[in-house]
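J.: The structure is given below, and queries will be raised subsequently.
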Amino acid sequence: MKIDIIGGGPAGMYFAILMKKTDPAHRITVYERNGPDDTFGWGVVFSGKTLRNLRAADEASHSEITRNFEAWDNVDVVRGDEKISIHGNSFSGIARLQLLKILQRRCEALGIQLLFRTEVTDLDSLRNGCDLLLAADGVNSTARKQYSNHFLPSLDVRPNRYIWFGTNRLFHGLTLTFRENEDGVFVAHSYKFNKNTSTFIIECDQPTWTNAGFDTMSSDATREYLEQVFQKDLDNAPLLSNKSNWLNFVIVKNDNWFFENVVQLGDALHTAHFSIGSGTKLAMEDAIALHECFEAAETVGNALRQFELIRKPVIEAYQAAAYESMRWFENASDYMGLSPIELAYALMTRSGRVDYEKLRERSPDFIARYEAKDNANNGTAVGPPA
Ligand SMILES: Cc1cc2nc3c(=O)[nH]c(=O)nc-3n(C[C@H](O)[C@H](O)[C@H](O)COP(=O)(O)OP(=O)(O)OC[C@H]3O[C@@H](n4cnc5c(N)ncnc54)[C@H](O)[C@@H]3O)c2cc1C
């Protein structure tokens, strides 16, 4: 088959690897508008379960990924002077650039053509000249826009603002830090992803953002302001910028995932809020699922139909959990009256995927502390305000 792929992110390259590995006769080209070393952001996270999926799909890239990552099992919730640790959450972090380099090397070793600094604009010519056109061109997908009458996408731009920094202060575990000042509430999502760097994403609601005056503030002044808010947590380490700008999260959905020989994958197809850390995982697991459909089907049409049929319910369930999680952070200021232990419990159970029983199994110390608090409240159940 001749396969053309728009986008050299995790979704596009991983699908190329799996297809080429199965059948070296496939002629696969990946078109990427950026250079091989350009990337946005800092680190990404994978759960233990995702790593098992990656191992089953491609042992070679899995072993390179696991050689380079930082693992942890705790979520830390920081409020005031207290840090509450919840264990039993197995996660690993890796630099996004490092992940891309591993996938690039694997593509090259398998004989996949990677065309960097090549922006695809003429989609019709491309799709007429290949058996399969994969649109793995990210959240701002050109293919999704151009073929919107086929895909019927919906885009939900959320009200919160977020900005993605790095820092050399190491956060050993997924650390969620809540800080308030006269402008409002700021939440930081942070975790280490190599020996000397952590991701540090800061989120706030629109009124806080406006009160702080970020709309007219320069990049340097913004960074300094936020360093001040999280001074104690950063231990005076600076925030590191990589074209870091304020963004609004966009929930992407598509009614139709394919038409004729064109299919979407990864962020182009769907997004799930970063607070459940699943974008790269979903992109790579999409690639695994689509590859499996090509293994089982006789024709491109059947493979794409089967892909939408089996994968859509999985993605819908993730997006539903991610939606609850995102809404919790959008309403974070409502929870600031809770004590740190109550806040940690509300946070851990926010998406509905983790409940009291699961927490008791995974982190008995945390639940014991939570119950002690419950008793101190004279038996009144603790939880978020009504
Ligand atoms: C703040 C933030 C934090 C995140 N944290 C995490 C996390 O902790 N864990 C996690 O798993 N995920 C995280 N993500 C999400 C993650 O970055 C994405 O979900 C993931 O990169 C999706 O992979 P993709 O291959 O679909 O798209 P991308 O990685 O976006 O790749 C798409 C590629 O297509 C290229 N492209 C676009 N248009 C064209 C064109 N016309 N021609 C040629 N090339 C083109 C782009 O340059 C890009 O390289 C986070 C995202 C954000 C915004």
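All residue names refer to the structure tokens as shown: chains lettered A, B, ... in order, residues numbered from 1 in each chain, ligands numbered from 1 in order.
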Neighbouring residues of ligand 1 are defined here as those with any atom at most 8 Å from a ligand atom, counting only C-alpha atoms and all ligand atoms; list them as number ranges by chain.
T.: A: 6-13, 31-34, 39, 41, 43-46, 93, 96, 117-121, 136-143, 162-164, 201, 249, 265-269, 271-284
J.: To test your reading of the structure, identify every residue in stretch 56-148 of chain A that backbone DSSP assigns to strand (DSSP E or B), and report it as a PDB file with N, CA and C atoms, in the first residue's frame.
T.:
ATOM      1  N   GLU A  70      11.151   8.811  33.614  1.00  0.00           N
ATOM      2  CA  GLU A  70      11.172   8.954  35.069  1.00  0.00           C
ATOM      3  C   GLU A  70       9.844   8.414  35.580  1.00  0.00           C
ATOM      4  N   ALA A  71       9.904   7.446  36.517  1.00  0.00           N
ATOM      5  CA  ALA A  71       8.673   6.808  36.981  1.00  0.00           C
ATOM      6  C   ALA A  71       8.311   7.279  38.391  1.00  0.00           C
ATOM      7  N   TRP A  72       7.023   7.261  38.733  1.00  0.00           N
ATOM      8  CA  TRP A  72       6.576   7.581  40.092  1.00  0.00           C
ATOM      9  C   TRP A  72       5.235   6.899  40.342  1.00  0.00           C
ATOM     10  N   VAL A  75       0.479  10.854  43.622  1.00  0.00           N
ATOM     11  CA  VAL A  75      -0.078  12.163  43.274  1.00  0.00           C
ATOM     12  C   VAL A  75       0.053  12.988  44.548  1.00  0.00           C
ATOM     13  N   ASP A  76       0.641  14.179  44.468  1.00  0.00           N
ATOM     14  CA  ASP A  76       0.777  15.054  45.638  1.00  0.00           C
ATOM     15  C   ASP A  76      -0.140  16.261  45.451  1.00  0.00           C
ATOM     16  N   VAL A  77      -0.929  16.537  46.494  1.00  0.00           N
ATOM     17  CA  VAL A  77      -1.795  17.711  46.448  1.00  0.00           C
ATOM     18  C   VAL A  77      -1.244  18.724  47.453  1.00  0.00           C
ATOM     19  N   VAL A  78      -0.928  19.920  46.967  1.00  0.00           N
ATOM     20  CA  VAL A  78      -0.314  20.931  47.831  1.00  0.00           C
ATOM     21  C   VAL A  78      -1.282  22.094  48.005  1.00  0.00           C
ATOM     22  N   ARG A  79      -1.556  22.401  49.283  1.00  0.00           N
ATOM     23  CA  ARG A  79      -2.469  23.513  49.595  1.00  0.00           C
ATOM     24  C   ARG A  79      -1.955  24.147  50.869  1.00  0.00           C
ATOM     25  N   GLU A  82       0.565  22.428  53.519  1.00  0.00           N
ATOM     26  CA  GLU A  82       0.460  20.963  53.571  1.00  0.00           C
ATOM     27  C   GLU A  82       0.629  20.312  52.210  1.00  0.00           C
ATOM     28  N   LYS A  83       1.255  19.130  52.248  1.00  0.00           N
ATOM     29  CA  LYS A  83       1.324  18.302  51.033  1.00  0.00           C
ATOM     30  C   LYS A  83       0.729  16.948  51.366  1.00  0.00           C
ATOM     31  N   ILE A  84      -0.309  16.547  50.640  1.00  0.00           N
ATOM     32  CA  ILE A  84      -0.953  15.247  50.856  1.00  0.00           C
ATOM     33  C   ILE A  84      -0.528  14.330  49.720  1.00  0.00           C
ATOM     34  N   SER A  85       0.033  13.148  50.063  1.00  0.00           N
ATOM     35  CA  SER A  85       0.464  12.203  49.021  1.00  0.00           C
ATOM     36  C   SER A  85      -0.524  11.052  48.916  1.00  0.00           C
ATOM     37  N   ILE A  86      -0.882  10.718  47.684  1.00  0.00           N
ATOM     38  CA  ILE A  86      -1.771   9.580  47.429  1.00  0.00           C
ATOM     39  C   ILE A  86      -0.972   8.615  46.552  1.00  0.00           C
ATOM     40  N   PHE A  91       2.804   6.022  37.063  1.00  0.00           N
ATOM     41  CA  PHE A  91       2.963   6.874  35.882  1.00  0.00           C
ATOM     42  C   PHE A  91       4.438   7.068  35.554  1.00  0.00           C
ATOM     43  N   SER A  92       4.719   7.435  34.299  1.00  0.00           N
ATOM     44  CA  SER A  92       6.084   7.746  33.890  1.00  0.00           C
ATOM     45  C   SER A  92       6.062   8.989  33.024  1.00  0.00           C
ATOM     46  N   GLY A  93       7.133   9.771  33.117  1.00  0.00           N
ATOM     47  CA  GLY A  93       7.232  10.980  32.300  1.00  0.00           C
ATOM     48  C   GLY A  93       8.420  10.889  31.355  1.00  0.00           C
ATOM     49  N   ILE A  94       8.265  11.453  30.175  1.00  0.00           N
ATOM     50  CA  ILE A  94       9.373  11.512  29.209  1.00  0.00           C
ATOM     51  C   ILE A  94       9.264  12.854  28.485  1.00  0.00           C
ATOM     52  N   ALA A  95      10.424  13.402  28.078  1.00  0.00           N
ATOM     53  CA  ALA A  95      10.379  14.659  27.326  1.00  0.00           C
ATOM     54  C   ALA A  95       9.704  14.401  25.989  1.00  0.00           C
ATOM     55  N   GLN A 113       9.798   7.092   4.990  1.00  0.00           N
ATOM     56  CA  GLN A 113      10.315   8.389   4.537  1.00  0.00           C
ATOM     57  C   GLN A 113       9.742   9.505   5.414  1.00  0.00           C
ATOM     58  N   LEU A 114      10.637  10.245   6.081  1.00  0.00           N
ATOM     59  CA  LEU A 114      10.196  11.380   6.915  1.00  0.00           C
ATOM     60  C   LEU A 114      10.571  12.658   6.179  1.00  0.00           C
ATOM     61  N   LEU A 115       9.595  13.429   5.781  1.00  0.00           N
ATOM     62  CA  LEU A 115       9.886  14.687   5.084  1.00  0.00           C
ATOM     63  C   LEU A 115       9.630  15.850   6.042  1.00  0.00           C
ATOM     64  N   LEU A 132      -4.025   5.261   1.213  1.00  0.00           N
ATOM     65  CA  LEU A 132      -4.535   5.712   2.515  1.00  0.00           C
ATOM     66  C   LEU A 132      -3.900   7.044   2.863  1.00  0.00           C
ATOM     67  N   LEU A 133      -4.742   8.033   3.198  1.00  0.00           N
ATOM     68  CA  LEU A 133      -4.224   9.317   3.693  1.00  0.00           C
ATOM     69  C   LEU A 133      -4.599   9.438   5.162  1.00  0.00           C
ATOM     70  N   LEU A 134      -3.575   9.545   6.012  1.00  0.00           N
ATOM     71  CA  LEU A 134      -3.809   9.646   7.450  1.00  0.00           C
ATOM     72  C   LEU A 134      -3.625  11.099   7.871  1.00  0.00           C
ATOM     73  N   ALA A 135      -4.672  11.683   8.453  1.00  0.00           N
ATOM     74  CA  ALA A 135      -4.574  13.060   8.950  1.00  0.00           C
ATOM     75  C   ALA A 135      -4.236  12.998  10.439  1.00  0.00           C
TER      76      ALA A 135
END
J.: Quick check for you: according to DSSP on this backbone, which residues of stretch 128-163 of chain A are classed as helix (DSSP H, G or I)? Reply as a ChimeraX atom specification.
T.: /A:128,142-146,148-151
J.: In terms of the shortest atom-to-atom distance over only C-alpha atoms, which of A:Glu64, A:Arg158, A:Ser339, A:Glu361 is closest to A:Arg327?
T.: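 Looking only at the distances to A:Arg327, the closest residue turns out to be A:Arg158.
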J.: Work out how far apart atom CA of A:Leu338 and atom CA of A:Tyr225 are and give it in Å to one decimal.
T.: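 For atom CA of A:Leu338 relative to atom CA of A:Tyr225, the distance reads 25.8 Å.
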J.: Choose the residue, out of A:Phe294, A:Ala188, A:Trp42, A:Arg169, that has the smallest atom-to-atom separation from A:Ala237; count only C-alpha atoms.
T.: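 Going through A:Phe294, A:Ala188, A:Trp42, A:Arg169 one by one, the smallest distance to A:Ala237 is for A:Arg169.
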J.: If you count only C-alpha atoms, which residues fall within 10 Å of stretch 146-149 of chain A, apart from same-chain ones fewer than 4 positions away, as a PyMOL selection string?
T.: chain A and resi 121-124+141-142+153-154+254+256+258-259+262
J.: With only C-alpha atoms as the atoms that count, which of A:Ser351, A:Ser244, A:Ser90, A:Thr210 lies nearest to A:Gln319?
T.: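 Under the stated criterion, the closest residue is A:Ser351.
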J.: So, counting only C-alpha atoms, which residue among A:Ser241, A:Ser333, A:Asn196, A:Ser63 is closest to A:Asp183?
T.: A:Ser333
J.: Can you measure atom CA of A:Leu290 to atom CA of A:Ile17 for me? One decimal in Å is fine.
T.: 12.2 Å
J.: Please determine, counting only C-alpha atoms, which residue among A:Asp233, A:Phe366, A:Gly337, A:Glu357 has the shortest atom-to-atom distance to A:Asp81.
T.: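 So, comparing all the options, the nearest one is A:Asp233.
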J.: Find, counting only C-alpha atoms, the residue in A:Leu176, A:Ile3, A:Ala287, A:Val185 that gets nearest to A:Asp58.
T.: A:Ala287
J.: Hey, what's within 10 Å of stretch 202-205 of chain A if we count only C-alpha atoms and toss same-chain stuff fewer than 4 positions away? As an MDAnalysis selection string, please?
T.: chainID A and resid 158:165 176:178 184:190 209:210 226 230 246:248 329:333
J.: Which residues are close to A:Asn302, i.e. within 12 Å by only C-alpha atoms, leaving aside same-chain residues fewer than 5 positions away? Reply as a ChimeraX atom specification.
T.: /A:258-261,290,292-297,307-309
J.: Please produce a file of the residues just selected, as a CSV table (one decimal), in the first residue's frame, where the atoms kept are C-alpha atoms.
T.:
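To be explicit, this is the file written out as result_9.csv:
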chain,number,residue,atom,x,y,z
A,258,PHE,CA,-13.1,8.8,7.9
A,259,PHE,CA,-14.4,9.1,4.4
A,260,GLU,CA,-13.2,7.2,1.3
A,261,ASN,CA,-9.4,6.7,1.9
A,290,LEU,CA,-6.0,1.3,13.5
A,292,GLU,CA,-5.0,-3.9,14.2
A,293,CYS,CA,-8.0,-3.1,12.0
A,294,PHE,CA,-5.7,-3.2,8.9
A,295,GLU,CA,-4.4,-6.5,10.1
A,296,ALA,CA,-7.9,-8.0,10.2
A,297,ALA,CA,-9.6,-6.3,7.1
A,307,PHE,CA,-11.6,1.4,13.4
A,308,GLU,CA,-14.5,3.9,13.9
A,309,LEU,CA,-16.7,1.1,15.2
